[in-house]
file model.txt (compact mmCIF, C-alpha atoms and all ligand atoms)
# COMPACT_ATOMS: atom_id res chain seq x y z
CA MET V 1 0.00 0.00 0.00
CA GLY V 2 1.03 3.53 -0.64
CA SER V 3 3.85 2.43 -2.88
CA ALA V 4 2.62 4.45 -5.83
CA THR V 5 3.62 8.06 -5.60
CA ASP V 6 0.95 10.17 -7.17
CA LEU V 7 2.83 13.26 -8.13
CA SER V 8 -0.03 14.84 -9.98
CA THR V 9 -0.98 17.79 -7.92
CA ASN V 10 -2.00 20.33 -10.45
CA HIS V 11 -4.09 18.71 -13.14
CA SER V 12 -7.14 20.65 -13.97
CA HIS V 13 -9.51 17.66 -13.95
CA ASN V 14 -9.96 17.68 -10.22
CA ASP V 15 -13.58 18.78 -10.37
CA SER V 16 -14.71 16.32 -13.05
CA MET V 17 -15.53 12.76 -12.16
CA PRO V 18 -12.93 10.23 -13.29
CA VAL V 19 -13.89 8.01 -16.24
CA VAL V 20 -11.90 5.18 -14.70
CA GLN V 21 -11.05 4.78 -11.07
CA THR V 22 -9.43 1.86 -9.30
CA TRP V 23 -8.70 1.18 -5.67
CA ASN V 24 -5.96 -1.27 -4.74
CA LEU V 25 -6.61 -3.57 -7.66
CA GLY V 26 -4.73 -6.83 -7.40
CA LYS V 27 -4.54 -9.92 -9.54
CA VAL V 28 -3.00 -13.25 -8.68
CA TYR V 29 -2.94 -15.85 -11.43
CA ARG V 30 -2.85 -19.47 -10.39
CA THR V 31 -1.08 -21.77 -12.77
CA GLY V 32 0.52 -25.18 -12.91
CA PHE V 33 -1.14 -28.57 -12.94
CA TRP V 34 -2.39 -28.26 -9.35
CA MET V 35 -3.04 -24.53 -9.72
CA ASN V 36 -0.59 -24.17 -6.87
CA GLN V 37 1.75 -21.67 -8.48
CA LYS V 38 0.89 -18.09 -7.91
CA ILE V 39 1.86 -15.19 -10.12
CA GLU V 40 1.12 -11.82 -8.61
CA SER V 41 0.62 -9.76 -11.77
CA LEU V 42 -0.94 -6.73 -10.16
CA LYS V 43 -0.49 -5.28 -6.69
CA ASN V 44 -2.52 -2.51 -5.09
CA CYS V 45 -3.11 -0.49 -8.23
CA SER V 46 -4.95 2.74 -7.56
CA LEU V 47 -5.42 5.19 -10.39
CA SER V 48 -7.85 7.67 -11.89
CA ILE V 49 -8.33 8.65 -15.50
CA TYR V 50 -10.23 11.83 -16.31
CA PRO V 51 -12.47 12.70 -19.27
CA GLY V 52 -10.61 13.62 -22.43
CA GLU V 53 -7.30 12.51 -21.04
CA THR V 54 -4.77 10.40 -22.92
CA PHE V 55 -3.39 8.16 -20.23
CA GLY V 56 -0.27 6.12 -20.90
CA LEU V 57 0.44 3.00 -18.92
CA LEU V 58 4.08 2.27 -19.33
CA GLY V 59 6.17 -0.63 -18.17
CA PRO V 60 8.56 -3.36 -19.29
CA ASN V 61 7.26 -6.61 -20.72
CA GLY V 62 5.58 -8.71 -18.05
CA ALA V 63 4.90 -5.68 -15.86
CA GLY V 64 1.16 -6.37 -15.76
CA LYS V 65 -0.11 -3.80 -18.26
CA THR V 66 -2.32 -6.20 -20.20
CA THR V 67 -3.57 -7.71 -16.96
CA LEU V 68 -4.63 -4.29 -15.70
CA LEU V 69 -6.36 -3.49 -18.95
CA LYS V 70 -8.15 -6.84 -19.11
CA THR V 71 -9.26 -6.37 -15.54
CA LEU V 72 -10.75 -2.98 -16.37
CA LEU V 73 -12.54 -4.49 -19.36
CA GLY V 74 -13.99 -7.28 -17.26
CA ILE V 75 -12.11 -9.96 -19.21
CA THR V 76 -10.30 -11.11 -16.06
CA ARG V 77 -11.49 -10.72 -12.53
CA PRO V 78 -9.42 -8.88 -9.97
CA THR V 79 -8.37 -10.91 -6.94
CA THR V 80 -8.52 -7.87 -4.69
CA GLY V 81 -9.61 -4.26 -4.91
CA ARG V 82 -12.27 -2.46 -6.84
CA ALA V 83 -12.70 -0.46 -10.03
CA VAL V 84 -15.40 1.66 -11.64
CA ILE V 85 -15.79 2.95 -15.18
CA PHE V 86 -18.18 5.86 -15.68
CA GLY V 87 -19.07 5.37 -12.03
CA LYS V 88 -20.36 1.83 -12.63
CA PRO V 89 -18.77 -1.46 -11.61
CA ILE V 90 -16.67 -3.32 -14.17
CA GLY V 91 -18.69 -5.39 -16.61
CA ASP V 92 -21.78 -3.20 -16.42
CA ARG V 93 -23.71 -3.52 -19.69
CA THR V 94 -24.42 0.15 -20.25
CA VAL V 95 -20.74 0.86 -19.75
CA LYS V 96 -19.65 -1.70 -22.33
CA GLN V 97 -21.46 0.37 -24.96
CA LYS V 98 -19.15 3.28 -24.23
CA ILE V 99 -15.92 1.30 -24.45
CA GLY V 100 -13.67 0.50 -27.40
CA TYR V 101 -10.84 -2.00 -27.19
CA LEU V 102 -7.88 -2.77 -29.40
CA PRO V 103 -6.28 -5.95 -28.03
CA GLU V 104 -2.58 -6.72 -28.16
CA ASN V 105 -2.02 -8.88 -31.29
CA ALA V 106 -5.62 -8.41 -32.35
CA TYR V 107 -7.03 -11.55 -33.83
CA LEU V 108 -8.85 -10.74 -37.03
CA TYR V 109 -10.57 -12.97 -39.48
CA ASP V 110 -8.13 -13.86 -42.27
CA PHE V 111 -10.67 -14.61 -44.94
CA LEU V 112 -12.91 -11.59 -44.54
CA THR V 113 -12.26 -8.28 -46.21
CA ALA V 114 -11.82 -5.31 -43.87
CA TRP V 115 -15.28 -4.15 -44.89
CA GLU V 116 -16.89 -7.50 -44.09
CA PHE V 117 -15.06 -7.66 -40.78
CA LEU V 118 -16.22 -4.18 -39.78
CA GLU V 119 -19.79 -5.03 -40.79
CA PHE V 120 -19.55 -8.10 -38.58
CA VAL V 121 -18.36 -6.03 -35.61
CA ALA V 122 -21.02 -3.39 -36.29
CA GLY V 123 -23.56 -6.22 -36.12
CA LEU V 124 -22.24 -7.28 -32.73
CA PHE V 125 -22.90 -3.77 -31.49
CA GLN V 126 -26.35 -3.84 -33.07
CA ILE V 127 -25.67 -0.86 -35.25
CA PRO V 128 -28.62 -0.76 -37.68
CA GLN V 129 -27.78 -1.90 -41.21
CA SER V 130 -28.88 1.47 -42.56
CA GLN V 131 -26.15 3.22 -40.54
CA GLN V 132 -23.36 0.71 -41.05
CA HIS V 133 -22.27 1.95 -44.46
CA GLN V 134 -21.74 5.51 -43.30
CA ARG V 135 -20.08 4.49 -40.04
CA ILE V 136 -17.60 2.17 -41.74
CA THR V 137 -16.82 4.76 -44.41
CA GLU V 138 -16.06 7.36 -41.72
CA LEU V 139 -13.85 4.96 -39.81
CA LEU V 140 -11.87 3.87 -42.86
CA ASP V 141 -11.31 7.53 -43.56
CA LEU V 142 -10.16 8.16 -39.99
CA VAL V 143 -7.67 5.28 -39.97
CA GLY V 144 -6.51 6.00 -43.52
CA LEU V 145 -7.62 2.92 -45.41
CA ALA V 146 -8.98 3.23 -48.92
CA GLN V 147 -12.53 2.01 -49.29
CA SER V 148 -11.63 0.11 -52.45
CA THR V 149 -8.90 -1.80 -50.61
CA ALA V 150 -11.12 -2.47 -47.63
CA ARG V 151 -13.78 -3.92 -49.91
CA LYS V 152 -11.49 -6.05 -52.07
CA LYS V 153 -8.58 -7.30 -50.00
CA LYS V 154 -8.86 -10.14 -47.51
CA LEU V 155 -7.30 -9.40 -44.13
CA LYS V 156 -4.63 -12.06 -44.56
CA GLN V 157 -3.15 -9.95 -47.38
CA TYR V 158 -2.75 -6.87 -45.17
CA SER V 159 0.52 -5.63 -43.70
CA LYS V 160 0.87 -5.45 -39.91
CA GLY V 161 0.36 -1.69 -40.06
CA MET V 162 -2.84 -1.99 -42.08
CA LEU V 163 -4.18 -4.70 -39.78
CA GLN V 164 -3.51 -2.52 -36.79
CA ARG V 165 -5.53 0.24 -38.45
CA VAL V 166 -8.39 -2.14 -39.17
CA GLY V 167 -8.15 -3.13 -35.49
CA MET V 168 -8.40 0.52 -34.59
CA ALA V 169 -11.48 0.99 -36.78
CA GLN V 170 -13.00 -2.06 -35.07
CA ALA V 171 -12.33 -0.55 -31.64
CA LEU V 172 -14.16 2.62 -32.68
CA ILE V 173 -17.18 1.11 -34.37
CA ASN V 174 -19.54 1.93 -31.49
CA ASP V 175 -18.22 5.51 -31.21
CA PRO V 176 -16.91 4.79 -27.71
CA GLU V 177 -16.20 7.46 -25.12
CA ILE V 178 -13.12 5.65 -23.87
CA VAL V 179 -10.75 3.58 -25.96
CA PHE V 180 -8.37 1.01 -24.49
CA LEU V 181 -5.35 0.39 -26.70
CA ASP V 182 -2.95 -2.41 -25.82
CA GLU V 183 0.45 -1.79 -27.42
CA PRO V 184 -1.08 -0.20 -30.54
CA MET V 185 2.34 0.65 -31.98
CA SER V 186 4.08 -2.64 -31.38
CA GLY V 187 5.49 -4.36 -34.40
CA LEU V 188 4.94 -1.32 -36.62
CA ASP V 189 7.58 0.37 -38.74
CA PRO V 190 8.22 4.12 -38.30
CA MET V 191 5.54 5.03 -40.85
CA GLY V 192 3.05 2.74 -39.12
CA ARG V 193 3.86 4.24 -35.74
CA TYR V 194 3.46 7.73 -37.14
CA ARG V 195 0.04 6.89 -38.57
CA MET V 196 -1.12 5.29 -35.33
CA ARG V 197 0.02 8.35 -33.45
CA GLU V 198 -1.93 10.60 -35.81
CA ILE V 199 -5.05 8.49 -35.30
CA VAL V 200 -4.71 8.64 -31.53
CA LEU V 201 -4.23 12.41 -31.70
CA SER V 202 -7.35 12.83 -33.82
CA LEU V 203 -9.33 10.78 -31.29
CA LYS V 204 -8.00 13.01 -28.58
CA GLN V 205 -9.18 16.03 -30.56
CA GLN V 206 -12.63 14.50 -30.69
CA GLY V 207 -12.54 14.53 -26.89
CA LYS V 208 -12.23 10.79 -26.39
CA THR V 209 -10.57 9.41 -23.30
CA ILE V 210 -7.71 7.13 -24.23
CA PHE V 211 -6.01 4.45 -22.17
CA PHE V 212 -2.83 3.45 -23.86
CA ASN V 213 -0.49 0.58 -22.92
CA SER V 214 3.07 0.57 -24.15
CA HIS V 215 6.55 -0.60 -23.29
CA VAL V 216 8.00 2.07 -25.59
CA LEU V 217 8.76 5.33 -23.80
CA SER V 218 8.82 7.54 -26.86
CA ASP V 219 5.30 6.49 -27.94
CA ILE V 220 3.95 7.64 -24.63
CA GLU V 221 6.09 10.72 -24.21
CA GLN V 222 4.71 12.18 -27.43
CA ILE V 223 0.99 11.65 -26.99
CA CYS V 224 0.02 11.15 -23.40
CA ASP V 225 -1.21 13.81 -20.99
CA ARG V 226 -0.54 11.65 -18.01
CA ILE V 227 1.62 8.61 -17.46
CA ALA V 228 1.68 5.79 -14.97
CA PHE V 229 4.62 3.48 -14.67
CA LEU V 230 4.07 -0.16 -13.83
CA ALA V 231 6.86 -2.54 -12.82
CA LEU V 232 6.43 -6.04 -11.41
CA GLY V 233 2.72 -5.39 -11.02
CA GLU V 234 3.17 -2.22 -9.00
CA LEU V 235 2.33 1.31 -10.04
CA ILE V 236 5.49 3.06 -9.04
CA CYS V 237 4.57 6.56 -10.09
CA GLN V 238 2.00 8.54 -12.02
CA GLY V 239 1.54 12.09 -13.16
CA SER V 240 1.97 14.42 -16.11
CA LEU V 241 5.39 14.76 -17.73
CA ASP V 242 5.80 18.04 -15.85
CA ASP V 243 4.81 16.38 -12.58
CA LEU V 244 7.27 13.56 -13.10
CA LEU V 245 10.20 15.28 -14.73
CA GLY V 246 9.84 18.86 -13.55
CA THR V 247 8.80 21.77 -15.71
CA ASN V 248 10.63 22.51 -18.87
CA ASP V 249 12.17 25.77 -17.67
CA ALA V 250 14.57 24.66 -14.94
CA TYR V 251 18.23 24.96 -15.89
CA GLN V 252 21.33 23.46 -14.40
CA ALA V 253 24.70 25.15 -14.81
CA ILE V 254 28.36 24.52 -14.05
CA VAL V 255 30.57 27.53 -13.39
CA ALA V 256 34.28 27.97 -12.66
CA GLY V 257 36.55 30.75 -11.43
CA VAL V 258 34.21 32.32 -8.90
CA ALA V 259 33.29 32.05 -5.20
CA PRO V 260 29.96 30.47 -4.22
CA GLU V 261 28.91 33.65 -2.35
CA THR V 262 29.04 35.50 -5.64
CA LEU V 263 26.85 32.90 -7.34
CA ALA V 264 24.33 32.58 -4.53
CA PRO V 265 21.92 35.28 -5.79
CA TRP V 266 21.51 33.49 -9.15
CA MET V 267 22.03 29.82 -8.31
CA SER V 268 20.64 27.40 -5.73
CA ASN V 269 21.73 23.98 -4.45
CA LEU V 270 25.36 24.79 -5.09
CA THR V 271 27.79 21.89 -4.91
CA GLU V 272 31.49 21.86 -5.67
CA GLU V 273 33.37 19.39 -7.83
CA ASN V 274 36.95 19.94 -9.06
CA ASN V 275 36.76 23.68 -8.36
CA ARG V 276 33.58 23.97 -10.38
CA TRP V 277 30.24 24.96 -8.95
CA HIS V 278 27.14 23.00 -9.95
CA GLY V 279 23.69 24.37 -9.26
CA GLN V 280 20.24 25.29 -10.46
CA LEU V 281 19.51 28.69 -12.00
CA LYS V 282 17.28 31.08 -10.13
CA VAL V 283 17.19 33.56 -13.02
CA GLU V 284 16.69 33.43 -16.78
CA PRO V 285 19.63 31.81 -18.60
CA ASN V 286 20.34 35.03 -20.55
CA ARG V 287 20.50 37.18 -17.44
CA PHE V 288 22.59 34.54 -15.71
CA VAL V 289 25.18 34.62 -18.45
CA THR V 290 25.35 38.42 -18.27
CA HIS V 291 25.91 38.27 -14.50
CA LEU V 292 28.72 35.76 -14.99
CA ASP V 293 30.34 38.11 -17.47
CA ASP V 294 30.17 40.96 -14.96
CA VAL V 295 32.00 38.95 -12.29
CA GLU V 296 34.36 37.38 -14.83
CA ALA V 297 33.29 33.85 -14.01
CA ARG V 298 33.60 31.11 -16.57
CA LEU V 299 30.53 29.21 -17.73
CA VAL V 300 31.38 25.52 -18.19
CA SER V 301 27.92 24.33 -19.16
CA ILE V 302 24.26 25.13 -19.00
CA HIS V 303 21.48 22.64 -19.70
CA LEU V 304 17.85 21.82 -18.95
CA ALA V 305 17.55 20.22 -15.55
CA ARG V 306 14.72 17.99 -16.70
CA PRO V 307 15.85 14.40 -17.30
CA SER V 308 14.51 12.35 -20.18
CA LEU V 309 11.61 10.07 -19.35
CA GLU V 310 13.95 7.13 -19.86
CA GLU V 311 16.50 8.46 -17.35
CA PHE V 312 13.70 9.13 -14.92
CA PHE V 313 12.27 5.63 -15.11
CA MET V 314 15.62 3.89 -14.95
CA GLN V 315 16.28 5.91 -11.81
CA GLN V 316 12.90 4.91 -10.35
CA LEU V 317 13.66 1.26 -11.01
CA ARG V 318 17.15 1.50 -9.53
CA GLU V 319 15.79 3.17 -6.40
CA ARG V 320 13.49 0.21 -5.93
CA GLY V 321 16.13 -2.37 -6.71
CA ILE V 322 14.22 -3.61 -9.74
CA GLU V 323 16.37 -5.14 -12.46
CA VAL V 324 15.12 -4.64 -15.96
CA SER V 325 16.54 -6.59 -18.86
CA ARG V 326 15.70 -5.05 -22.17
N1 LIG V 401 -3.57 -15.90 -18.05
C1 LIG V 401 -2.42 -15.88 -17.32
N2 LIG V 401 -2.10 -16.91 -16.51
C2 LIG V 401 -0.98 -16.88 -15.78
N3 LIG V 401 -0.10 -15.86 -15.76
C3 LIG V 401 -0.36 -14.79 -16.54
C4 LIG V 401 -1.53 -14.74 -17.37
N4 LIG V 401 -1.53 -13.57 -18.03
C5 LIG V 401 -0.41 -12.91 -17.64
N5 LIG V 401 0.29 -13.65 -16.75
C6 LIG V 401 1.53 -13.24 -16.08
O1 LIG V 401 1.32 -12.00 -15.44
C7 LIG V 401 2.45 -11.14 -15.59
C8 LIG V 401 2.03 -9.86 -16.27
O2 LIG V 401 1.66 -10.13 -17.62
P1 LIG V 401 1.04 -9.04 -18.59
O3 LIG V 401 -0.10 -8.40 -17.91
O4 LIG V 401 0.77 -9.71 -19.88
O5 LIG V 401 2.24 -8.00 -18.71
P2 LIG V 401 2.52 -6.89 -19.83
O6 LIG V 401 1.29 -6.67 -20.63
O7 LIG V 401 2.96 -5.69 -19.05
O8 LIG V 401 3.65 -7.40 -20.67
C9 LIG V 401 3.50 -11.94 -16.36
O9 LIG V 401 4.37 -12.52 -15.43
C10 LIG V 401 2.67 -12.97 -17.07
O10 LIG V 401 3.44 -14.14 -17.29
MG MG V 402 0.94 -6.75 -22.64
call {"tool": "encode", "arguments": {"input": "model.txt", "output": "structure tokens"}}
result
Amino acid sequence: MGSATDLSTNHSHNDSMPVVQTWNLGKVYRTGFWMNQKIESLKNCSLSIYPGETFGLLGPNGAGKTTLLKTLLGITRPTTGRAVIFGKPIGDRTVKQKIGYLPENAYLYDFLTAWEFLEFVAGLFQIPQSQQHQRITELLDLVGLAQSTARKKKLKQYSKGMLQRVGMAQALINDPEIVFLDEPMSGLDPMGRYRMREIVLSLKQQGKTIFFNSHVLSDIEQICDRIAFLALGELICQGSLDDLLGTNDAYQAIVAGVAPETLAPWMSNLTEENNRWHGQLKVEPNRFVTHLDDVEARLVSIHLARPSLEEFFMQQLRERGIEVSR
């Protein structure tokens, strides 16, 4: 308990009700012939996702991301804890209507065309036949698939990137309010990743709430408003990039040839190393450099204090003694 540090203090969603909220969700899988082996895939996960937010769940393979997502979708049952979506318990029928889901390695039907497949899915959601044509046309347009291709080509002839886009169209068929995407970029080439990113961004513009699983930092860094990091089933931190990494305007500098008293008005947290002073700027970088000139100090370096997301997470893992093989 209490292992997840929620660093998000200043998001503006505080007054709106979360779309997804979980309290201490836990999942233990039992495996083996006698079901006597336990795998604790999820431990005490508490999180909230707000309307219109793109929420990235990040973590190495095996961290429990898919387990958490499947639990929220009602595909697996939590062993402990509780979750609500749109204020209703998991599995509630009216809630299912508002959810879209793109599974990891989506299984599609090889011998159907994309069009036939989407008609099939539309049928499952009881979308009237009269509306199906327009809905499918809109979705193909959104995910960037030509209607002629979708009508002619069988799914087994599609590239991984195209299949992923058909999967995306499938997830959106019921015009969901929240979309769960499990590793939507995995296995895609740079062009495929770019297109997926564009699709996610257009969904975001439409005001959809997006829950996005990935083990790739850069995917998340570029599109997500808020991030949670999962390792060995535990949420080890969550917040916006600014919450986690610090704002983008903090600078670190190294200066030589000057006494710390002289630097004190413009720098904080001063530490010495090899006759050089390291510290954080208290003033604008331009003004700082001018001051240094005035006192004839030498600037060794100046850089943004904010670490990359990767540095940050590696640090978080190290602090917790978690080994990650990549
Ligand atoms: N159906 C299952 N039965 C037993 N163990 C499972 C099952 N699904 C996942 N696991 C285990 O739970 C852990 C988390 O898996 P998963 O949620 O798939 O992680 P991720 O999606 O982050 O890669 C792994 O150790 C995995 O082997
Ligand atoms: Mg997974």
call {"tool": "atom_distance", "arguments": {"input": "model.txt", "atom1": "atom CA of V:Ser159", "atom2": "atom CA of V:Leu203"}}
result
22.8 Å
call {"tool": "closest_residue", "arguments": {"input": "model.txt", "among": "V:Thr290, V:Ser214, V:Thr31, V:Ser308", "to": "ligand MG 402 (chain V)", "atoms": "only C-alpha atoms and all ligand atoms"}}
result
V:Ser214
call {"tool": "residues_around", "arguments": {"input": "model.txt", "residues": "stretch 277-280 of chain V", "least_positions_apart": "2", "cutoff": "7 Å", "atoms": "only C-alpha atoms", "output": "PyMOL selection string"}}
result
chain V and resi 251-256+267-273+275+282
call {"tool": "write_last_selection", "arguments": {"input": "model.txt", "atoms": "C-alpha atoms", "output": "PDB file, keeping the file's coordinate frame"}}
result
ATOM      1  CA  TYR V 251      18.230  24.960 -15.890  1.00  0.00           C
ATOM      2  CA  GLN V 252      21.330  23.460 -14.400  1.00  0.00           C
ATOM      3  CA  ALA V 253      24.700  25.150 -14.810  1.00  0.00           C
ATOM      4  CA  ILE V 254      28.360  24.520 -14.050  1.00  0.00           C
ATOM      5  CA  VAL V 255      30.570  27.530 -13.390  1.00  0.00           C
ATOM      6  CA  ALA V 256      34.280  27.970 -12.660  1.00  0.00           C
ATOM      7  CA  MET V 267      22.030  29.820  -8.310  1.00  0.00           C
ATOM      8  CA  SER V 268      20.640  27.400  -5.730  1.00  0.00           C
ATOM      9  CA  ASN V 269      21.730  23.980  -4.450  1.00  0.00           C
ATOM     10  CA  LEU V 270      25.360  24.790  -5.090  1.00  0.00           C
ATOM     11  CA  THR V 271      27.790  21.890  -4.910  1.00  0.00           C
ATOM     12  CA  GLU V 272      31.490  21.860  -5.670  1.00  0.00           C
ATOM     13  CA  GLU V 273      33.370  19.390  -7.830  1.00  0.00           C
ATOM     14  CA  ASN V 275      36.760  23.680  -8.360  1.00  0.00           C
ATOM     15  CA  LYS V 282      17.280  31.080 -10.130  1.00  0.00           C
TER      16      LYS V 282
END
call {"tool": "axis_aligned_box", "arguments": {"input": "model.txt", "around": "stretch 54-63 of chain V", "padding_each_side": "5 Å", "output": "JSON"}}
result
{"center_x": 1.9, "center_y": 0.8, "center_z": -19.4, "size_x": 23.3, "size_y": 29.1, "size_z": 17.1}
call {"tool": "closest_residue", "arguments": {"input": "model.txt", "among": "V:Gly32, V:Gly207, V:Gly100, V:Gly239", "to": "V:Pro176", "atoms": "only C-alpha atoms"}}
result
V:Gly100
call {"tool": "closest_residue", "arguments": {"input": "model.txt", "among": "V:Glu53, V:Asp175, V:Glu40, V:Asp182", "to": "ligand MG 402 (chain V)", "atoms": "only C-alpha atoms and all ligand atoms"}}
result
V:Asp182
call {"tool": "residues_near_point", "arguments": {"input": "model.txt", "point": "(-13.5, 12.0, -17.9)", "cutoff": "7 Å", "atoms": "all atoms listed in the file", "output": "VMD selection string"}}
result
chain V and resid 16 to 19 49 to 53 209
call {"tool": "closest_residue", "arguments": {"input": "model.txt", "among": "V:Gly87, V:Gly26, V:Gly167, V:Pro103", "to": "ligand MG 402 (chain V)", "atoms": "all atoms listed in the file"}}
result
V:Pro103
call {"tool": "residues_around", "arguments": {"input": "model.txt", "residues": "V:Ile210", "least_positions_apart": "3", "cutoff": "12 Å", "atoms": "all atoms listed in the file", "output": "PyMOL selection string"}}
result
chain V and resi 19-20+49-57+69+99-102+171-172+176-182+184+199-207+213+220+223-227
call {"tool": "write_last_selection", "arguments": {"input": "model.txt", "atoms": "C-alpha atoms", "output": "PDB file, in the coordinates of the input"}}
result
ATOM      1  CA  VAL V  19     -13.890   8.010 -16.240  1.00  0.00           C
ATOM      2  CA  VAL V  20     -11.900   5.180 -14.700  1.00  0.00           C
ATOM      3  CA  ILE V  49      -8.330   8.650 -15.500  1.00  0.00           C
ATOM      4  CA  TYR V  50     -10.230  11.830 -16.310  1.00  0.00           C
ATOM      5  CA  PRO V  51     -12.470  12.700 -19.270  1.00  0.00           C
ATOM      6  CA  GLY V  52     -10.610  13.620 -22.430  1.00  0.00           C
ATOM      7  CA  GLU V  53      -7.300  12.510 -21.040  1.00  0.00           C
ATOM      8  CA  THR V  54      -4.770  10.400 -22.920  1.00  0.00           C
ATOM      9  CA  PHE V  55      -3.390   8.160 -20.230  1.00  0.00           C
ATOM     10  CA  GLY V  56      -0.270   6.120 -20.900  1.00  0.00           C
ATOM     11  CA  LEU V  57       0.440   3.000 -18.920  1.00  0.00           C
ATOM     12  CA  LEU V  69      -6.360  -3.490 -18.950  1.00  0.00           C
ATOM     13  CA  ILE V  99     -15.920   1.300 -24.450  1.00  0.00           C
ATOM     14  CA  GLY V 100     -13.670   0.500 -27.400  1.00  0.00           C
ATOM     15  CA  TYR V 101     -10.840  -2.000 -27.190  1.00  0.00           C
ATOM     16  CA  LEU V 102      -7.880  -2.770 -29.400  1.00  0.00           C
ATOM     17  CA  ALA V 171     -12.330  -0.550 -31.640  1.00  0.00           C
ATOM     18  CA  LEU V 172     -14.160   2.620 -32.680  1.00  0.00           C
ATOM     19  CA  PRO V 176     -16.910   4.790 -27.710  1.00  0.00           C
ATOM     20  CA  GLU V 177     -16.200   7.460 -25.120  1.00  0.00           C
ATOM     21  CA  ILE V 178     -13.120   5.650 -23.870  1.00  0.00           C
ATOM     22  CA  VAL V 179     -10.750   3.580 -25.960  1.00  0.00           C
ATOM     23  CA  PHE V 180      -8.370   1.010 -24.490  1.00  0.00           C
ATOM     24  CA  LEU V 181      -5.350   0.390 -26.700  1.00  0.00           C
ATOM     25  CA  ASP V 182      -2.950  -2.410 -25.820  1.00  0.00           C
ATOM     26  CA  PRO V 184      -1.080  -0.200 -30.540  1.00  0.00           C
ATOM     27  CA  ILE V 199      -5.050   8.490 -35.300  1.00  0.00           C
ATOM     28  CA  VAL V 200      -4.710   8.640 -31.530  1.00  0.00           C
ATOM     29  CA  LEU V 201      -4.230  12.410 -31.700  1.00  0.00           C
ATOM     30  CA  SER V 202      -7.350  12.830 -33.820  1.00  0.00           C
ATOM     31  CA  LEU V 203      -9.330  10.780 -31.290  1.00  0.00           C
ATOM     32  CA  LYS V 204      -8.000  13.010 -28.580  1.00  0.00           C
ATOM     33  CA  GLN V 205      -9.180  16.030 -30.560  1.00  0.00           C
ATOM     34  CA  GLN V 206     -12.630  14.500 -30.690  1.00  0.00           C
ATOM     35  CA  GLY V 207     -12.540  14.530 -26.890  1.00  0.00           C
ATOM     36  CA  ASN V 213      -0.490   0.580 -22.920  1.00  0.00           C
ATOM     37  CA  ILE V 220       3.950   7.640 -24.630  1.00  0.00           C
ATOM     38  CA  ILE V 223       0.990  11.650 -26.990  1.00  0.00           C
ATOM     39  CA  CYS V 224       0.020  11.150 -23.400  1.00  0.00           C
ATOM     40  CA  ASP V 225      -1.210  13.810 -20.990  1.00  0.00           C
ATOM     41  CA  ARG V 226      -0.540  11.650 -18.010  1.00  0.00           C
ATOM     42  CA  ILE V 227       1.620   8.610 -17.460  1.00  0.00           C
TER      43      ILE V 227
END
call {"tool": "atom_distance", "arguments": {"input": "model.txt", "atom1": "atom CA of V:Gln37", "atom2": "atom CA of V:Arg77"}}
result
17.7 Å
call {"tool": "residues_near_point", "arguments": {"input": "model.txt", "point": "(-11.1, -10.9, -44.2)", "cutoff": "10 Å", "atoms": "only C-alpha atoms", "output": "number ranges by chain"}}
result
V: 108-118, 150-158
call {"tool": "atom_distance", "arguments": {"input": "model.txt", "atom1": "atom CA of V:Gly257", "atom2": "atom CA of V:Pro285"}}
result
18.4 Å
call {"tool": "closest_residue", "arguments": {"input": "model.txt", "among": "V:Leu47, V:Leu235, V:Ala106, V:Met314", "to": "ligand MG 402 (chain V)", "atoms": "all atoms listed in the file"}}
result
V:Ala106
call {"tool": "closest_residue", "arguments": {"input": "model.txt", "among": "V:Glu284, V:Glu104, V:Glu234, V:Asp189", "to": "ligand MG 402 (chain V)", "atoms": "all atoms listed in the file"}}
result
V:Glu104
call {"tool": "closest_atom_pairs", "arguments": {"input": "model.txt", "of": "chain V", "to": "ligand MG 402 (chain V)", "cutoff": "10 Å", "atoms": "all atoms listed in the file", "output": "JSON lines"}}
result
{"residue": "V:Gly59", "atom": "CA", "partner": "V:MG402", "partner_atom": "MG", "distance": 9.2}
{"residue": "V:Pro60", "atom": "CA", "partner": "V:MG402", "partner_atom": "MG", "distance": 9.0}
{"residue": "V:Asn61", "atom": "CA", "partner": "V:MG402", "partner_atom": "MG", "distance": 6.6}
{"residue": "V:Gly62", "atom": "CA", "partner": "V:MG402", "partner_atom": "MG", "distance": 6.8}
{"residue": "V:Ala63", "atom": "CA", "partner": "V:MG402", "partner_atom": "MG", "distance": 7.9}
{"residue": "V:Gly64", "atom": "CA", "partner": "V:MG402", "partner_atom": "MG", "distance": 6.9}
{"residue": "V:Lys65", "atom": "CA", "partner": "V:MG402", "partner_atom": "MG", "distance": 5.4}
{"residue": "V:Thr66", "atom": "CA", "partner": "V:MG402", "partner_atom": "MG", "distance": 4.1}
{"residue": "V:Thr67", "atom": "CA", "partner": "V:MG402", "partner_atom": "MG", "distance": 7.3}
{"residue": "V:Leu68", "atom": "CA", "partner": "V:MG402", "partner_atom": "MG", "distance": 9.2}
{"residue": "V:Leu69", "atom": "CA", "partner": "V:MG402", "partner_atom": "MG", "distance": 8.8}
{"residue": "V:Lys70", "atom": "CA", "partner": "V:MG402", "partner_atom": "MG", "distance": 9.8}
{"residue": "V:Pro103", "atom": "CA", "partner": "V:MG402", "partner_atom": "MG", "distance": 9.0}
{"residue": "V:Glu104", "atom": "CA", "partner": "V:MG402", "partner_atom": "MG", "distance": 6.5}
{"residue": "V:Asn105", "atom": "CA", "partner": "V:MG402", "partner_atom": "MG", "distance": 9.4}
{"residue": "V:Asp182", "atom": "CA", "partner": "V:MG402", "partner_atom": "MG", "distance": 6.6}
{"residue": "V:Glu183", "atom": "CA", "partner": "V:MG402", "partner_atom": "MG", "distance": 6.9}
{"residue": "V:Asn213", "atom": "CA", "partner": "V:MG402", "partner_atom": "MG", "distance": 7.5}
{"residue": "V:Ser214", "atom": "CA", "partner": "V:MG402", "partner_atom": "MG", "distance": 7.8}
{"residue": "V:His215", "atom": "CA", "partner": "V:MG402", "partner_atom": "MG", "distance": 8.3}
